[in-house]
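Shown below: data_31.txt, with compact mmCIF, N, CA and C atoms.
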# COMPACT_ATOMS: atom_id res chain seq x y z
N MET A 1 55.53 -365.39 -113.16
CA MET A 1 55.26 -364.40 -114.18
C MET A 1 55.34 -362.98 -113.61
N GLN A 2 54.77 -362.77 -112.42
CA GLN A 2 54.79 -361.44 -111.80
C GLN A 2 56.22 -360.97 -111.55
N LYS A 3 57.11 -361.90 -111.17
CA LYS A 3 58.50 -361.53 -110.92
C LYS A 3 59.16 -361.01 -112.20
N VAL A 4 58.87 -361.64 -113.32
CA VAL A 4 59.41 -361.20 -114.61
C VAL A 4 58.89 -359.80 -114.95
N LEU A 5 57.59 -359.58 -114.77
CA LEU A 5 57.01 -358.28 -115.07
C LEU A 5 57.58 -357.18 -114.19
N ASN A 6 57.85 -357.48 -112.94
CA ASN A 6 58.42 -356.47 -112.05
C ASN A 6 59.79 -356.00 -112.53
N SER A 7 60.59 -356.90 -113.09
CA SER A 7 61.91 -356.50 -113.56
C SER A 7 61.83 -355.72 -114.88
N ILE A 8 60.79 -355.95 -115.66
CA ILE A 8 60.62 -355.23 -116.92
C ILE A 8 59.96 -353.88 -116.69
N ASN A 9 58.93 -353.85 -115.91
CA ASN A 9 58.13 -352.64 -115.70
C ASN A 9 58.63 -351.82 -114.52
N LYS A 10 59.85 -351.36 -114.61
CA LYS A 10 60.37 -350.51 -113.54
C LYS A 10 59.71 -349.15 -113.66
N PRO A 11 59.15 -348.65 -112.57
CA PRO A 11 58.48 -347.35 -112.66
C PRO A 11 59.48 -346.22 -112.89
N VAL A 12 59.01 -345.20 -113.60
CA VAL A 12 59.79 -343.99 -113.78
C VAL A 12 59.45 -343.09 -112.61
N THR A 13 60.43 -342.82 -111.77
CA THR A 13 60.18 -342.03 -110.57
C THR A 13 59.71 -340.64 -110.92
N TYR A 14 60.36 -340.01 -111.86
CA TYR A 14 59.99 -338.67 -112.30
C TYR A 14 59.97 -338.67 -113.83
N PRO A 15 58.95 -338.06 -114.45
CA PRO A 15 58.92 -338.01 -115.92
C PRO A 15 60.18 -337.42 -116.53
N ARG A 16 60.84 -336.54 -115.79
CA ARG A 16 62.05 -335.91 -116.34
C ARG A 16 63.16 -336.92 -116.59
N GLU A 17 63.10 -338.11 -115.96
CA GLU A 17 64.11 -339.14 -116.21
C GLU A 17 64.11 -339.58 -117.67
N LEU A 18 62.99 -339.37 -118.35
CA LEU A 18 62.90 -339.74 -119.76
C LEU A 18 63.67 -338.78 -120.64
N PHE A 19 63.94 -337.58 -120.14
CA PHE A 19 64.54 -336.53 -120.95
C PHE A 19 65.81 -336.00 -120.30
N VAL A 20 66.91 -336.61 -120.66
CA VAL A 20 68.20 -336.16 -120.15
C VAL A 20 69.05 -335.70 -121.32
N ASP A 21 70.06 -334.90 -121.05
CA ASP A 21 70.90 -334.39 -122.13
C ASP A 21 71.92 -335.43 -122.57
N ASP A 22 72.83 -335.03 -123.45
CA ASP A 22 73.82 -335.95 -124.00
C ASP A 22 74.71 -336.57 -122.93
N ASN A 23 74.82 -335.92 -121.78
CA ASN A 23 75.67 -336.41 -120.70
C ASN A 23 74.88 -337.21 -119.66
N GLY A 24 73.61 -337.48 -119.94
CA GLY A 24 72.80 -338.23 -119.00
C GLY A 24 72.30 -337.41 -117.83
N LYS A 25 72.33 -336.09 -117.95
CA LYS A 25 71.91 -335.22 -116.86
C LYS A 25 70.64 -334.47 -117.24
N TYR A 26 69.81 -334.24 -116.23
CA TYR A 26 68.62 -333.43 -116.42
C TYR A 26 68.91 -332.04 -115.87
N THR A 27 68.76 -331.04 -116.72
CA THR A 27 68.97 -329.67 -116.30
C THR A 27 67.68 -328.91 -116.54
N PRO A 28 67.00 -328.47 -115.48
CA PRO A 28 65.73 -327.76 -115.67
C PRO A 28 65.90 -326.59 -116.65
N GLY A 29 64.95 -326.46 -117.56
CA GLY A 29 64.97 -325.38 -118.53
C GLY A 29 65.85 -325.64 -119.74
N LYS A 30 66.63 -326.71 -119.73
CA LYS A 30 67.52 -327.01 -120.85
C LYS A 30 66.97 -328.10 -121.76
N ILE A 31 65.95 -328.82 -121.30
CA ILE A 31 65.31 -329.85 -122.10
C ILE A 31 63.90 -329.35 -122.44
N MET A 32 63.60 -329.27 -123.72
CA MET A 32 62.30 -328.80 -124.18
C MET A 32 61.65 -329.89 -125.03
N THR A 33 60.36 -329.76 -125.27
CA THR A 33 59.65 -330.74 -126.09
C THR A 33 58.78 -330.05 -127.13
N CYS A 34 58.52 -330.76 -128.20
CA CYS A 34 57.54 -330.33 -129.21
C CYS A 34 57.03 -331.58 -129.91
N GLN A 35 56.02 -331.40 -130.72
CA GLN A 35 55.45 -332.54 -131.45
C GLN A 35 55.85 -332.44 -132.92
N MET A 36 56.26 -333.56 -133.48
CA MET A 36 56.64 -333.61 -134.90
C MET A 36 55.41 -333.39 -135.74
N GLY A 37 55.49 -332.43 -136.67
CA GLY A 37 54.32 -332.08 -137.46
C GLY A 37 54.23 -332.75 -138.82
N GLY A 38 55.34 -333.14 -139.41
CA GLY A 38 55.30 -333.70 -140.76
C GLY A 38 56.02 -335.03 -140.85
N ASP A 39 56.23 -335.47 -142.10
CA ASP A 39 56.84 -336.79 -142.31
C ASP A 39 58.26 -336.72 -142.86
N SER A 40 58.88 -335.54 -142.84
CA SER A 40 60.20 -335.39 -143.47
C SER A 40 61.30 -336.17 -142.76
N MET A 41 61.09 -336.56 -141.50
CA MET A 41 62.13 -337.30 -140.78
C MET A 41 61.79 -338.78 -140.61
N LYS A 42 60.72 -339.25 -141.29
CA LYS A 42 60.42 -340.69 -141.25
C LYS A 42 61.57 -341.45 -141.90
N PRO A 43 61.95 -342.59 -141.44
CA PRO A 43 61.39 -343.37 -140.35
C PRO A 43 62.01 -343.06 -138.99
N THR A 44 62.95 -342.14 -138.91
CA THR A 44 63.61 -341.82 -137.64
C THR A 44 62.64 -341.24 -136.63
N ILE A 45 61.89 -340.23 -137.05
CA ILE A 45 60.87 -339.60 -136.21
C ILE A 45 59.58 -339.57 -137.02
N ASN A 46 58.53 -340.15 -136.49
CA ASN A 46 57.26 -340.23 -137.18
C ASN A 46 56.36 -339.04 -136.86
N PRO A 47 55.42 -338.72 -137.75
CA PRO A 47 54.49 -337.63 -137.47
C PRO A 47 53.77 -337.86 -136.13
N CYS A 48 53.58 -336.78 -135.40
CA CYS A 48 52.89 -336.75 -134.10
C CYS A 48 53.70 -337.28 -132.93
N GLU A 49 54.94 -337.72 -133.17
CA GLU A 49 55.76 -338.15 -132.04
C GLU A 49 56.18 -336.94 -131.21
N LEU A 50 56.35 -337.18 -129.92
CA LEU A 50 56.85 -336.16 -129.01
C LEU A 50 58.37 -336.16 -129.12
N ILE A 51 58.95 -334.97 -129.32
CA ILE A 51 60.39 -334.83 -129.46
C ILE A 51 60.93 -334.09 -128.25
N ALA A 52 62.00 -334.60 -127.66
CA ALA A 52 62.71 -333.89 -126.60
C ALA A 52 64.02 -333.39 -127.19
N PHE A 53 64.33 -332.12 -126.93
CA PHE A 53 65.58 -331.57 -127.45
C PHE A 53 66.26 -330.74 -126.38
N ALA A 54 67.59 -330.82 -126.40
CA ALA A 54 68.42 -330.14 -125.40
C ALA A 54 68.94 -328.83 -125.97
N ASP A 55 68.90 -327.79 -125.17
CA ASP A 55 69.44 -326.49 -125.56
C ASP A 55 70.90 -326.66 -125.96
N CYS A 56 71.23 -326.15 -127.13
CA CYS A 56 72.61 -326.27 -127.63
C CYS A 56 73.27 -324.91 -127.78
N GLY A 57 72.72 -323.92 -127.11
CA GLY A 57 73.30 -322.58 -127.18
C GLY A 57 73.13 -321.91 -128.53
N GLY A 58 72.17 -322.40 -129.33
CA GLY A 58 71.92 -321.79 -130.63
C GLY A 58 72.93 -322.15 -131.70
N GLN A 59 73.80 -323.11 -131.42
CA GLN A 59 74.86 -323.48 -132.34
C GLN A 59 74.72 -324.94 -132.80
N VAL A 60 75.12 -325.19 -134.03
CA VAL A 60 75.23 -326.55 -134.55
C VAL A 60 76.72 -326.85 -134.66
N SER A 61 77.25 -327.53 -133.66
CA SER A 61 78.69 -327.80 -133.65
C SER A 61 79.02 -329.24 -134.00
N VAL A 62 78.06 -330.14 -133.83
CA VAL A 62 78.27 -331.55 -134.16
C VAL A 62 77.07 -332.04 -134.98
N PRO A 63 77.27 -333.05 -135.82
CA PRO A 63 76.13 -333.59 -136.58
C PRO A 63 75.06 -334.13 -135.66
N GLY A 64 73.82 -333.97 -136.05
CA GLY A 64 72.70 -334.48 -135.26
C GLY A 64 71.39 -333.97 -135.83
N VAL A 65 70.31 -334.31 -135.14
CA VAL A 65 68.98 -333.84 -135.51
C VAL A 65 68.68 -332.64 -134.63
N TYR A 66 68.27 -331.54 -135.26
CA TYR A 66 68.07 -330.27 -134.55
C TYR A 66 66.67 -329.71 -134.81
N VAL A 67 66.20 -328.90 -133.85
CA VAL A 67 64.97 -328.13 -134.01
C VAL A 67 65.40 -326.69 -134.25
N PHE A 68 64.92 -326.10 -135.36
CA PHE A 68 65.28 -324.72 -135.66
C PHE A 68 64.15 -324.03 -136.42
N THR A 69 64.23 -322.71 -136.48
CA THR A 69 63.27 -321.94 -137.27
C THR A 69 64.01 -321.16 -138.34
N ARG A 70 63.29 -320.89 -139.43
CA ARG A 70 63.77 -320.04 -140.53
C ARG A 70 62.58 -319.30 -141.10
N GLU A 71 62.85 -318.17 -141.71
CA GLU A 71 61.81 -317.41 -142.39
C GLU A 71 61.54 -318.05 -143.76
N VAL A 72 60.28 -318.35 -144.01
CA VAL A 72 59.86 -318.89 -145.30
C VAL A 72 58.67 -318.07 -145.77
N PHE A 73 58.85 -317.37 -146.89
CA PHE A 73 57.81 -316.51 -147.44
C PHE A 73 57.26 -315.54 -146.39
N GLY A 74 58.17 -314.97 -145.61
CA GLY A 74 57.79 -313.93 -144.66
C GLY A 74 57.25 -314.39 -143.32
N ARG A 75 57.28 -315.68 -143.06
CA ARG A 75 56.83 -316.14 -141.74
C ARG A 75 57.80 -317.18 -141.19
N SER A 76 57.88 -317.23 -139.88
CA SER A 76 58.79 -318.14 -139.21
C SER A 76 58.23 -319.55 -139.21
N CYS A 77 59.02 -320.52 -139.68
CA CYS A 77 58.60 -321.92 -139.74
C CYS A 77 59.55 -322.78 -138.91
N VAL A 78 58.98 -323.77 -138.22
CA VAL A 78 59.76 -324.70 -137.40
C VAL A 78 60.17 -325.89 -138.26
N PHE A 79 61.44 -326.27 -138.12
CA PHE A 79 61.98 -327.43 -138.83
C PHE A 79 62.61 -328.39 -137.84
N VAL A 80 62.49 -329.67 -138.12
CA VAL A 80 63.22 -330.72 -137.41
C VAL A 80 63.97 -331.47 -138.51
N LYS A 81 65.29 -331.30 -138.53
CA LYS A 81 66.10 -331.87 -139.61
C LYS A 81 67.44 -332.36 -139.08
N ARG A 82 68.02 -333.29 -139.80
CA ARG A 82 69.38 -333.72 -139.53
C ARG A 82 70.31 -332.67 -140.12
N ILE A 83 71.27 -332.19 -139.34
CA ILE A 83 72.19 -331.16 -139.81
C ILE A 83 73.62 -331.64 -139.64
N GLU A 84 74.41 -331.46 -140.70
CA GLU A 84 75.84 -331.76 -140.65
C GLU A 84 76.60 -330.47 -140.92
N PRO A 85 77.32 -329.96 -139.91
CA PRO A 85 78.13 -328.76 -140.14
C PRO A 85 79.36 -329.11 -140.97
N MET A 86 79.66 -328.27 -141.96
CA MET A 86 80.81 -328.49 -142.83
C MET A 86 81.97 -327.58 -142.39
N PRO A 87 83.21 -327.93 -142.72
CA PRO A 87 84.37 -327.14 -142.28
C PRO A 87 84.32 -325.66 -142.70
N ASP A 88 83.66 -325.35 -143.83
CA ASP A 88 83.60 -323.97 -144.30
C ASP A 88 82.46 -323.16 -143.68
N GLY A 89 81.73 -323.75 -142.71
CA GLY A 89 80.62 -323.06 -142.07
C GLY A 89 79.27 -323.34 -142.69
N THR A 90 79.27 -323.99 -143.85
CA THR A 90 78.02 -324.38 -144.51
C THR A 90 77.34 -325.47 -143.69
N LEU A 91 76.02 -325.48 -143.70
CA LEU A 91 75.26 -326.54 -143.03
C LEU A 91 74.55 -327.39 -144.07
N LEU A 92 74.71 -328.69 -143.97
CA LEU A 92 74.01 -329.64 -144.82
C LEU A 92 72.72 -330.01 -144.09
N ILE A 93 71.56 -329.74 -144.71
CA ILE A 93 70.26 -329.97 -144.09
C ILE A 93 69.65 -331.21 -144.74
N ILE A 94 69.40 -332.24 -143.93
CA ILE A 94 69.01 -333.54 -144.45
C ILE A 94 67.68 -333.98 -143.84
N SER A 95 66.75 -334.42 -144.70
CA SER A 95 65.53 -335.08 -144.26
C SER A 95 65.77 -336.57 -144.37
N ASP A 96 65.43 -337.34 -143.35
CA ASP A 96 65.64 -338.78 -143.41
C ASP A 96 64.69 -339.47 -144.39
N ASN A 97 63.55 -338.85 -144.66
CA ASN A 97 62.61 -339.36 -145.64
C ASN A 97 63.16 -339.06 -147.04
N HIS A 98 63.42 -340.08 -147.82
CA HIS A 98 64.06 -339.92 -149.13
C HIS A 98 63.21 -339.14 -150.14
N HIS A 99 61.95 -338.84 -149.82
CA HIS A 99 61.10 -338.05 -150.71
C HIS A 99 61.43 -336.55 -150.64
N TYR A 100 62.25 -336.16 -149.67
CA TYR A 100 62.65 -334.76 -149.51
C TYR A 100 64.11 -334.61 -149.90
N GLU A 101 64.43 -333.52 -150.55
CA GLU A 101 65.80 -333.29 -151.00
C GLU A 101 66.67 -332.70 -149.90
N THR A 102 67.94 -333.08 -149.91
CA THR A 102 68.95 -332.48 -149.05
C THR A 102 69.34 -331.13 -149.65
N PHE A 103 69.60 -330.15 -148.78
CA PHE A 103 70.05 -328.85 -149.28
C PHE A 103 71.11 -328.29 -148.34
N THR A 104 71.79 -327.26 -148.80
CA THR A 104 72.82 -326.63 -147.98
C THR A 104 72.44 -325.19 -147.69
N LEU A 105 72.92 -324.69 -146.56
CA LEU A 105 72.79 -323.29 -146.21
C LEU A 105 74.19 -322.74 -146.01
N ASP A 106 74.58 -321.79 -146.85
CA ASP A 106 75.89 -321.19 -146.62
C ASP A 106 75.77 -320.20 -145.46
N VAL A 107 76.86 -319.64 -145.04
CA VAL A 107 76.89 -318.78 -143.85
C VAL A 107 75.91 -317.61 -144.00
N ASP A 108 75.85 -316.99 -145.16
CA ASP A 108 74.94 -315.87 -145.38
C ASP A 108 73.47 -316.28 -145.27
N GLU A 109 73.15 -317.49 -145.71
CA GLU A 109 71.77 -317.97 -145.68
C GLU A 109 71.32 -318.39 -144.28
N GLN A 110 72.22 -318.44 -143.32
CA GLN A 110 71.90 -318.84 -141.96
C GLN A 110 71.48 -317.68 -141.07
N SER A 111 71.47 -316.46 -141.62
CA SER A 111 71.20 -315.28 -140.80
C SER A 111 69.80 -315.29 -140.18
N ASP A 112 68.83 -315.89 -140.85
CA ASP A 112 67.47 -315.94 -140.30
C ASP A 112 67.18 -317.26 -139.56
N MET A 113 68.20 -318.06 -139.36
CA MET A 113 68.05 -319.37 -138.71
C MET A 113 68.27 -319.25 -137.21
N GLN A 114 67.29 -319.75 -136.43
CA GLN A 114 67.46 -319.79 -134.98
C GLN A 114 67.40 -321.25 -134.54
N VAL A 115 68.49 -321.75 -133.97
CA VAL A 115 68.58 -323.14 -133.54
C VAL A 115 68.15 -323.21 -132.07
N TYR A 116 67.16 -324.05 -131.79
CA TYR A 116 66.63 -324.19 -130.44
C TYR A 116 67.27 -325.33 -129.66
N GLY A 117 67.65 -326.41 -130.35
CA GLY A 117 68.27 -327.50 -129.63
C GLY A 117 68.49 -328.73 -130.48
N ARG A 118 69.24 -329.65 -129.89
CA ARG A 118 69.56 -330.93 -130.54
C ARG A 118 68.61 -331.99 -130.00
N VAL A 119 67.97 -332.73 -130.90
CA VAL A 119 67.01 -333.76 -130.51
C VAL A 119 67.75 -334.88 -129.78
N ILE A 120 67.23 -335.24 -128.61
CA ILE A 120 67.85 -336.29 -127.80
C ILE A 120 66.95 -337.51 -127.66
N ALA A 121 65.64 -337.35 -127.95
CA ALA A 121 64.72 -338.49 -127.82
C ALA A 121 63.42 -338.18 -128.54
N SER A 122 62.72 -339.23 -128.91
CA SER A 122 61.36 -339.09 -129.41
C SER A 122 60.56 -340.29 -128.95
N MET A 123 59.26 -340.09 -128.83
CA MET A 123 58.41 -341.21 -128.43
C MET A 123 57.01 -341.01 -129.00
N THR A 124 56.38 -342.13 -129.28
CA THR A 124 55.02 -342.11 -129.78
C THR A 124 54.09 -341.86 -128.61
N MET A 125 53.17 -340.93 -128.81
CA MET A 125 52.19 -340.62 -127.77
C MET A 125 50.82 -341.05 -128.26
N ARG A 126 50.15 -341.88 -127.48
CA ARG A 126 48.80 -342.32 -127.81
C ARG A 126 47.92 -342.04 -126.61
N LYS A 127 46.75 -341.49 -126.87
CA LYS A 127 45.79 -341.24 -125.80
C LYS A 127 44.80 -342.39 -125.77
N PHE A 128 44.52 -342.88 -124.59
CA PHE A 128 43.58 -343.99 -124.44
C PHE A 128 42.33 -343.58 -123.67
N VAL A 129 42.29 -342.36 -123.24
CA VAL A 129 41.13 -341.89 -122.48
C VAL A 129 40.61 -340.62 -123.11

Could you rewrite the structure in this file as structure tokens?
Amino acid sequence: MQKVLNSINKPVTYPRELFVDDNGKYTPGKIMTCQMGGDSMKPTINPCELIAFADCGGQVSVPGVYVFTREVFGRSCVFVKRIEPMPDGTLLIISDNHHYETFTLDVDEQSDMQVYGRVIASMTMRKFV
């Protein structure tokens, strides 16, 4: 039994091994984390999960889940949403939870949008102590 557990429970040498970019590389300062605050991305990302995202240079060039901010009623709000860039520059903003509506942002509406990175991983964090 111990032999089986040893092959399953391989230790993570460095916590950063959990957070690598799309190319499987860890670049200091390019991988950031935050905690999911709402349920708009359920079941893909659940509330309170830790999200790792890779710096994407502030651009959405390929479809994926991104962390970004926008001004809402005069204050900056953080969003974690699936984004699909369209050929005309419009962005399709999608919540995986079907209770939230999909919407689009045309080029003019993106002026207050700051993209921080593309989500590369999420994990449930539970405290036991």

Handout entry: Met86 (chain A) surroundings by only C-alpha atoms, 10 Å radius, close-in-sequence under 3 positions cut, as JSON, numbers by chain
Key = {"A": [61, 62, 63, 83, 89, 90, 91, 92, 104, 106]}

Exercise for the section: State, in Å with one decimal place, the distance from CA of Gly64 (chain A) to CA of Tyr116 (chain A). Expected result: 12.9 Å

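Taking CA of Cys48 (chain A) and CA of Met123 (chain A) as the two end points, the separation is 9.1 Å.
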
Using all atoms of region 112-121 of chain A listed in the file and a margin of 4 Å per side, can you give the axis-aligned box centre and edge lengths in Å to one decimal, as AutoDock Vina command-line options?
--center_x 66.5 --center_y -327.2 --center_z -134.3 --size_x 14.1 --size_y 30.6 --size_z 21.2

Exercise for the section: Quote the spacing between CA of Asp55 (chain A) and atom N of Asp108 (chain A) in Å to one decimal place. Expected result: 22.7 Å

Handout entry: Exercise: Asn46 (chain A) partners within 8 Å, only C-alpha atoms, chain neighbours under 5 positions left out, as a PyMOL selection string
Key = chain A and resi 36+38-39+41+124

Exercise for the section: Find the residue from A:Val80, A:Ile51, A:Cys34, A:Val60 that sits nearest to Asp96 (chain A); use all atoms listed in the file when measuring. Expected result: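 Closest residue, counting all atoms listed in the file: A:Val80.
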
Practice task
May I ask which of the residues A:Gln114, A:Gln59, A:Ser40, A:Ser122 is the closest one to His98 (chain A), counting only N, CA and C atoms?
Solution key: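 Selected residue with least distance to His98 (chain A): A:Ser40.
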
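Taking all atoms listed in the file into account, Met32 (chain A) lies nearest to A:Gly117 out of the set A:Gly117, A:Thr102, A:Val65, A:Glu49.
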
Completion step: region 88-102 of chain A with N, CA, C and O atoms as a short mmCIF file (atom, residue, chain, number, x, y, z; two decimals), in the coordinates of the input:
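selection.cif was written with the following content:
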data_model
loop_
_atom_site.label_atom_id
_atom_site.label_comp_id
_atom_site.auth_asym_id
_atom_site.auth_seq_id
_atom_site.Cartn_x
_atom_site.Cartn_y
_atom_site.Cartn_z
N ASP A 88 83.66 -325.35 -143.83
CA ASP A 88 83.60 -323.97 -144.30
C ASP A 88 82.46 -323.16 -143.68
O ASP A 88 82.21 -322.02 -144.07
N GLY A 89 81.73 -323.75 -142.71
CA GLY A 89 80.62 -323.06 -142.07
C GLY A 89 79.27 -323.34 -142.69
O GLY A 89 78.23 -322.99 -142.14
N THR A 90 79.27 -323.99 -143.85
CA THR A 90 78.02 -324.38 -144.51
C THR A 90 77.34 -325.47 -143.69
O THR A 90 78.02 -326.29 -143.05
N LEU A 91 76.02 -325.48 -143.70
CA LEU A 91 75.26 -326.54 -143.03
C LEU A 91 74.55 -327.39 -144.07
O LEU A 91 73.88 -326.86 -144.96
N LEU A 92 74.71 -328.69 -143.97
CA LEU A 92 74.01 -329.64 -144.82
C LEU A 92 72.72 -330.01 -144.09
O LEU A 92 72.77 -330.50 -142.96
N ILE A 93 71.56 -329.74 -144.71
CA ILE A 93 70.26 -329.97 -144.09
C ILE A 93 69.65 -331.21 -144.74
O ILE A 93 69.40 -331.23 -145.96
N ILE A 94 69.40 -332.24 -143.93
CA ILE A 94 69.01 -333.54 -144.45
C ILE A 94 67.68 -333.98 -143.84
O ILE A 94 67.50 -333.94 -142.63
N SER A 95 66.75 -334.42 -144.70
CA SER A 95 65.53 -335.08 -144.26
C SER A 95 65.77 -336.57 -144.37
O SER A 95 66.26 -337.03 -145.40
N ASP A 96 65.43 -337.34 -143.35
CA ASP A 96 65.64 -338.78 -143.41
C ASP A 96 64.69 -339.47 -144.39
O ASP A 96 64.99 -340.53 -144.90
N ASN A 97 63.55 -338.85 -144.66
CA ASN A 97 62.61 -339.36 -145.64
C ASN A 97 63.16 -339.06 -147.04
O ASN A 97 63.38 -337.90 -147.40
N HIS A 98 63.42 -340.08 -147.82
CA HIS A 98 64.06 -339.92 -149.13
C HIS A 98 63.21 -339.14 -150.14
O HIS A 98 63.69 -338.79 -151.21
N HIS A 99 61.95 -338.84 -149.82
CA HIS A 99 61.10 -338.05 -150.71
C HIS A 99 61.43 -336.55 -150.64
O HIS A 99 60.92 -335.76 -151.44
N TYR A 100 62.25 -336.16 -149.67
CA TYR A 100 62.65 -334.76 -149.51
C TYR A 100 64.11 -334.61 -149.90
O TYR A 100 64.93 -335.47 -149.57
N GLU A 101 64.43 -333.52 -150.55
CA GLU A 101 65.80 -333.29 -151.00
C GLU A 101 66.67 -332.70 -149.90
O GLU A 101 66.21 -331.92 -149.07
N THR A 102 67.94 -333.08 -149.91
CA THR A 102 68.95 -332.48 -149.05
C THR A 102 69.34 -331.13 -149.65
O THR A 102 69.38 -330.98 -150.86
#
